[in-house]
Amino acid sequence: MTQLMTEDGIRCDGRRVDELRDISLKVGVLKNANGSAYIEFGKNKIIAGVFGPRDVHPKHMANQDTGILRCRYHMSPFSVTERKNPAPSRREIEISKVIKEALQPAVILKDFPRTVIDVFVEVLQADGGSRCAALDAAAVALADAGIPMRDLVSACAAGKVADRIVLDVNNEEDQEGQADMPVAVMPNVGKITLMQLDGILTPEEYKTCLHTAIGGCKRVYEIQRKALMEKYFQNGEQ
Amino acid sequence: MESVILDKLKRDRILDLLKEDKRIDGRALDEQRPLSIETGVIPKANGSARIKLGNTQVITGVKIQPDKPFPDLGDKGILICTAEILPLADPRAEPGPPTEEVIELARVVDRGIRETEMIDLRQLVLKEGKSVIGLFIDSSVIDSDGNLFDACSYASVTAILSCSVPKYELKDDVPVLVEGVTSKPPLKTIPVSVTMARIGNYIVVDPTSEEEACMDARITITTNSEGNICALQKGGSDGFTVDQLVRCSEVALSVGTKIRKRFEQLM
């Protein structure tokens, strides 16, 4: 078993407990999609594309009163150490659902009855925390598509490793750590739209972990904002 | 499909009642529906339970058999929980591949039992890396009236509590059943999941399908016997505030303690 943390609190990838991995985010990377984004979150490499609002197929899924949101989270066969079967796994279907439900509160679907907004995220390389990174890219891609939103959605995990609460759990820590809690928030509204947990936490640790994750989300939010500004305010325009 | 107007009217009615701390079926906000538990209902299974949570009914069977371990988990037995909604349980359910909702249901039930480490899987190894005992815990929803998460979880947990593990011995590396010898499963803790729905600013425990139809968001929190929080899943198309999430964890712990006492009586 690899040592997950040194005695002076340095993690297996050299980070401190409250440190995020390096994140780079670029908006508008695809020509065909209405909105798109590419994120590198540690070793995660994820691309997100948004289509719509557009006609719904199959037609019976359409709703007269509101637009609908669909989401597909998919991992490329080459994204992990052992080749992954390209057919969507049960894990990917569950993640697609929680990502959709994390984005839904932010998207103003009522404005587009009888249409669908499709969000596709492809994990080209996976490290720990791919659902959060995927969500970060998807939220920015939705904004890039010009879809009216109440707020962005920013996601980041926290967890428990070597008896300490840490920010942004990486792959090794996810596998061998004590708990992993992915969280997504609408940072300006203060609403938590995705939350999961596996691992054992005391009620006190649960609160600390939640606040740690939200702190990470706020830092991710700044990166998302900057990436959007970079595309839409080039050459220092205001 | 029910009409949108009807749902809206129902939601208004449910919200009006909640303002007076009342629910449409007369329960308190943090009150579960009556829970009845029957174990040993399927003698051919190694453990089984049929539970009723209000009108929601679930049957779970545990099958225990030797198996090859997962390549990266050679020192542990196998635990797999599944769940399905039978077509006879709900007019909206159809035969065919599982929907997103059903996959989430099964994975949340599995996560609750796995992450609390209810069963000490290290004690289910016959030969490390070669041969282990597998526990397959399959739940079928036979009547659906909301909160399938807790119903399937309770049925799975009580089926495990009631099961007897057959004894296997290796002969020339082949597992052979030792007739007439069984033991209790190696238990470490008892998980209890508690599902809550947020309707407006109110949090209600154990929502019925009527309440689920008009809820804003949902959360399932699983706790263990030691009072820790071990698994959690937020669902639904809206979110929670931090304060609501902290309160939900407290409710999950207090309601969970009561349910756990019921489970302990089965042991």
# chains A, B, ... in the order shown; residues from 1 in each chain; ligands from 1
call {"tool": "residues_around", "arguments": {"residues": "Arg54 of chain A", "least_positions_apart": "2", "cutoff": "10 Å", "atoms": "only C-alpha atoms", "output": "ChimeraX atom specification"}}
result
/A:51-52,56-57,67,112,114-118
call {"tool": "closest_atom_pairs", "arguments": {"of": "segment 123-225 of chain A", "to": "segment 97-100 of chain A", "cutoff": "10 Å", "atoms": "only C-alpha atoms", "output": "tab-separated table"}}
result
residue	atom	partner	partner_atom	distance
A:Arg131	CA	A:Ile99	CA	7.4
A:Cys132	CA	A:Ile99	CA	8.5
A:Ala134	CA	A:Ile99	CA	8.3
A:Leu135	CA	A:Ile99	CA	6.3
A:Asp136	CA	A:Ile99	CA	9.9
A:Ala138	CA	A:Ile99	CA	8.8
A:Ala139	CA	A:Ile99	CA	9.8
A:Ala184	CA	A:Ile99	CA	9.2
A:Thr193	CA	A:Val98	CA	8.9
A:Leu194	CA	A:Val98	CA	6.7
A:Met195	CA	A:Val98	CA	8.6
A:Gln196	CA	A:Val98	CA	9.1
call {"tool": "interface_residues", "arguments": {"of": "chain B", "to": "chain A", "cutoff": "7 Å", "atoms": "only C-alpha atoms", "output": "number ranges by chain"}}
result
B: 100, 103-104, 115-116, 228-241, 246
call {"tool": "write_last_selection", "arguments": {"atoms": "C-alpha atoms", "output": "PDB file, in the first residue's frame"}}
result
ATOM      1  CA  GLU B 100     -31.376   5.482 -15.023  1.00  0.00           C
ATOM      2  CA  ILE B 103     -29.553   1.811 -11.796  1.00  0.00           C
ATOM      3  CA  GLU B 104     -29.215   4.645  -9.285  1.00  0.00           C
ATOM      4  CA  GLU B 115     -19.328   1.640   2.546  1.00  0.00           C
ATOM      5  CA  THR B 116     -20.494   0.983   6.105  1.00  0.00           C
ATOM      6  CA  ASN B 228     -21.005   7.867  11.635  1.00  0.00           C
ATOM      7  CA  ILE B 229     -22.177   8.994   8.204  1.00  0.00           C
ATOM      8  CA  CYS B 230     -21.034   6.473   5.617  1.00  0.00           C
ATOM      9  CA  ALA B 231     -22.822   7.026   2.339  1.00  0.00           C
ATOM     10  CA  LEU B 232     -24.874   9.774   0.819  1.00  0.00           C
ATOM     11  CA  GLN B 233     -26.634  10.514  -2.418  1.00  0.00           C
ATOM     12  CA  LYS B 234     -28.391  13.682  -3.452  1.00  0.00           C
ATOM     13  CA  GLY B 235     -31.009  13.356  -6.172  1.00  0.00           C
ATOM     14  CA  GLY B 236     -33.747  15.366  -7.788  1.00  0.00           C
ATOM     15  CA  SER B 237     -33.697  18.404 -10.003  1.00  0.00           C
ATOM     16  CA  ASP B 238     -32.893  21.048  -7.398  1.00  0.00           C
ATOM     17  CA  GLY B 239     -30.440  21.495  -4.525  1.00  0.00           C
ATOM     18  CA  PHE B 240     -29.979  21.969  -0.783  1.00  0.00           C
ATOM     19  CA  THR B 241     -28.414  24.683   1.344  1.00  0.00           C
ATOM     20  CA  VAL B 246     -26.411  19.494   8.176  1.00  0.00           C
TER      21      VAL B 246
END
call {"tool": "closest_residue", "arguments": {"among": "A:Asp168, A:Pro86, A:Met61, A:Val29", "to": "Val17 of chain A", "atoms": "only C-alpha atoms"}}
result
A:Asp168
call {"tool": "closest_residue", "arguments": {"among": "A:Pro187, A:Pro88, A:Gly42, A:Pro77", "to": "Gly129 of chain A", "atoms": "only C-alpha atoms"}}
result
A:Gly42
call {"tool": "select_by_dssp", "arguments": {"residues": "segment 74-221 of chain A", "states": "alpha helix (DSSP H)", "output": "PyMOL selection string"}}
result
chain A and resi 90-103+130-144+171-176+203-221
call {"tool": "select_by_dssp", "arguments": {"residues": "segment 111-237 of chain B", "states": "strand (DSSP E or B)", "output": "JSON, numbers by chain"}}
result
{"B": [119, 125, 126, 127, 131, 132, 133, 134, 135, 136, 137, 138, 139, 140, 141, 142, 143, 165, 166, 167, 168, 169, 170, 171, 174, 175, 176, 177, 178, 179, 180, 181, 182, 183, 187, 192, 193, 194, 195, 196, 197, 198, 199, 202, 203, 204, 205, 217, 218, 219, 220, 221, 222, 223, 229, 230, 231, 232, 233, 234, 235]}
call {"tool": "residues_around", "arguments": {"residues": "Asn55 of chain B", "least_positions_apart": "3", "cutoff": "10 Å", "atoms": "only C-alpha atoms", "output": "PyMOL selection string"}}
result
chain B and resi 33-35+51-52+58+143-146+208-209
call {"tool": "write_last_selection", "arguments": {"atoms": "N, CA and C atoms", "output": "mmCIF file, in the first residue's frame"}}
result
data_model
loop_
_atom_site.group_PDB
_atom_site.id
_atom_site.type_symbol
_atom_site.label_atom_id
_atom_site.label_comp_id
_atom_site.auth_asym_id
_atom_site.auth_seq_id
_atom_site.Cartn_x
_atom_site.Cartn_y
_atom_site.Cartn_z
ATOM 1 N N ARG B 33 -43.228 5.985 7.685
ATOM 2 C CA ARG B 33 -44.450 5.179 7.646
ATOM 3 C C ARG B 33 -44.220 3.899 8.445
ATOM 4 N N PRO B 34 -45.308 3.198 8.820
ATOM 5 C CA PRO B 34 -45.120 1.950 9.571
ATOM 6 C C PRO B 34 -44.263 0.970 8.774
ATOM 7 N N LEU B 35 -43.325 0.341 9.465
ATOM 8 C CA LEU B 35 -42.414 -0.607 8.817
ATOM 9 C C LEU B 35 -42.705 -1.993 9.360
ATOM 10 N N ILE B 51 -40.330 -6.696 3.286
ATOM 11 C CA ILE B 51 -40.653 -5.554 4.138
ATOM 12 C C ILE B 51 -41.736 -4.704 3.494
ATOM 13 N N LYS B 52 -42.499 -4.078 4.376
ATOM 14 C CA LYS B 52 -43.492 -3.108 3.925
ATOM 15 C C LYS B 52 -43.178 -1.793 4.609
ATOM 16 N N VAL B 58 -41.081 -4.633 -0.649
ATOM 17 C CA VAL B 58 -39.878 -5.164 -1.288
ATOM 18 C C VAL B 58 -39.585 -6.559 -0.750
ATOM 19 N N ASP B 143 -44.325 -3.574 -4.890
ATOM 20 C CA ASP B 143 -45.381 -2.561 -4.885
ATOM 21 C C ASP B 143 -44.694 -1.240 -4.562
ATOM 22 N N SER B 144 -44.979 -0.219 -5.349
ATOM 23 C CA SER B 144 -44.171 0.982 -5.265
ATOM 24 C C SER B 144 -45.014 2.178 -4.827
ATOM 25 N N ASP B 145 -44.702 2.692 -3.633
ATOM 26 C CA ASP B 145 -45.346 3.942 -3.203
ATOM 27 C C ASP B 145 -44.313 4.865 -2.559
ATOM 28 N N GLY B 146 -43.242 5.113 -3.310
ATOM 29 C CA GLY B 146 -42.242 6.070 -2.858
ATOM 30 C C GLY B 146 -41.182 5.489 -1.947
ATOM 31 N N THR B 208 -43.734 9.615 0.298
ATOM 32 C CA THR B 208 -44.564 8.723 -0.523
ATOM 33 C C THR B 208 -44.392 9.127 -1.982
ATOM 34 N N SER B 209 -44.948 8.333 -2.902
ATOM 35 C CA SER B 209 -44.769 8.714 -4.313
ATOM 36 C C SER B 209 -45.501 10.023 -4.618
#
call {"tool": "residues_around", "arguments": {"residues": "Ile46 of chain A", "least_positions_apart": "2", "cutoff": "9 Å", "atoms": "only C-alpha atoms", "output": "list of chain:residue names"}}
result
A:Ala37, A:Tyr38, A:Ile39, A:Glu40, A:Phe41, A:Asn44, A:Ala48, A:Val121, A:Glu122, A:Val123, A:Leu124, A:Gln125, A:Ala126, A:Ser130, A:Ala133, A:Ala134, A:Ala137
call {"tool": "residues_around", "arguments": {"residues": "Arg50 of chain B", "least_positions_apart": "5", "cutoff": "8 Å", "atoms": "only C-alpha atoms", "output": "list in words"}}
result
Ile37, Glu38, Thr39, Val41, Gln57, Val58, Ile59, Thr60 and Ala155 of chain B
call {"tool": "atom_distance", "arguments": {"atom1": "atom CA of Val50 of chain A", "atom2": "atom CA of Val220 of chain A"}}
result
20.1 Å
call {"tool": "atom_distance", "arguments": {"atom1": "atom CA of Asn147 of chain B", "atom2": "atom CA of Thr195 of chain B"}}
result
6.9 Å
call {"tool": "atom_distance", "arguments": {"atom1": "atom CA of Lys76 of chain B", "atom2": "atom CA of Met118 of chain B"}}
result
13.4 Å
call {"tool": "residues_around", "arguments": {"residues": "Ile10 of chain A", "least_positions_apart": "5", "cutoff": "12 Å", "atoms": "only C-alpha atoms", "output": "ChimeraX atom specification"}}
result
/A:3-5,15-19,161-162,164,166
call {"tool": "write_last_selection", "arguments": {"atoms": "N, CA and C atoms", "output": "mmCIF file, in the first residue's frame"}}
result
data_model
loop_
_atom_site.group_PDB
_atom_site.id
_atom_site.type_symbol
_atom_site.label_atom_id
_atom_site.label_comp_id
_atom_site.auth_asym_id
_atom_site.auth_seq_id
_atom_site.Cartn_x
_atom_site.Cartn_y
_atom_site.Cartn_z
ATOM 1 N N GLN A 3 2.066 5.032 0.684
ATOM 2 C CA GLN A 3 1.813 5.942 1.801
ATOM 3 C C GLN A 3 1.074 7.158 1.258
ATOM 4 N N LEU A 4 -0.079 7.442 1.854
ATOM 5 C CA LEU A 4 -0.922 8.500 1.296
ATOM 6 C C LEU A 4 -0.545 9.875 1.826
ATOM 7 N N MET A 5 0.072 9.923 3.016
ATOM 8 C CA MET A 5 0.446 11.226 3.552
ATOM 9 C C MET A 5 1.685 11.119 4.446
ATOM 10 N N ARG A 15 0.917 17.537 -2.741
ATOM 11 C CA ARG A 15 0.070 18.661 -2.347
ATOM 12 C C ARG A 15 -0.107 18.724 -0.832
ATOM 13 N N ARG A 16 -0.467 19.933 -0.348
ATOM 14 C CA ARG A 16 -0.901 20.058 1.040
ATOM 15 C C ARG A 16 -2.382 19.656 1.135
ATOM 16 N N VAL A 17 -2.910 19.552 2.355
ATOM 17 C CA VAL A 17 -4.284 19.054 2.507
ATOM 18 C C VAL A 17 -5.328 19.962 1.865
ATOM 19 N N ASP A 18 -5.030 21.282 1.803
ATOM 20 C CA ASP A 18 -6.046 22.218 1.300
ATOM 21 C C ASP A 18 -5.730 22.704 -0.104
ATOM 22 N N GLU A 19 -4.948 21.900 -0.834
ATOM 23 C CA GLU A 19 -4.496 22.365 -2.143
ATOM 24 C C GLU A 19 -5.233 21.631 -3.259
ATOM 25 N N VAL A 161 -8.345 11.295 4.242
ATOM 26 C CA VAL A 161 -7.167 10.514 3.894
ATOM 27 C C VAL A 161 -6.233 10.541 5.096
ATOM 28 N N ALA A 162 -5.767 9.391 5.512
ATOM 29 C CA ALA A 162 -4.865 9.292 6.664
ATOM 30 C C ALA A 162 -5.412 10.098 7.846
ATOM 31 N N ARG A 164 -7.209 12.651 7.967
ATOM 32 C CA ARG A 164 -7.351 14.102 7.834
ATOM 33 C C ARG A 164 -8.306 14.430 6.694
ATOM 34 N N VAL A 166 -9.167 16.286 3.499
ATOM 35 C CA VAL A 166 -8.365 16.880 2.429
ATOM 36 C C VAL A 166 -9.265 17.382 1.297
#
call {"tool": "residues_around", "arguments": {"residues": "Pro66 of chain B", "least_positions_apart": "6", "cutoff": "8 Å", "atoms": "only C-alpha atoms", "output": "NGL selection string"}}
result
:B and (131-134 or 168 or 175)
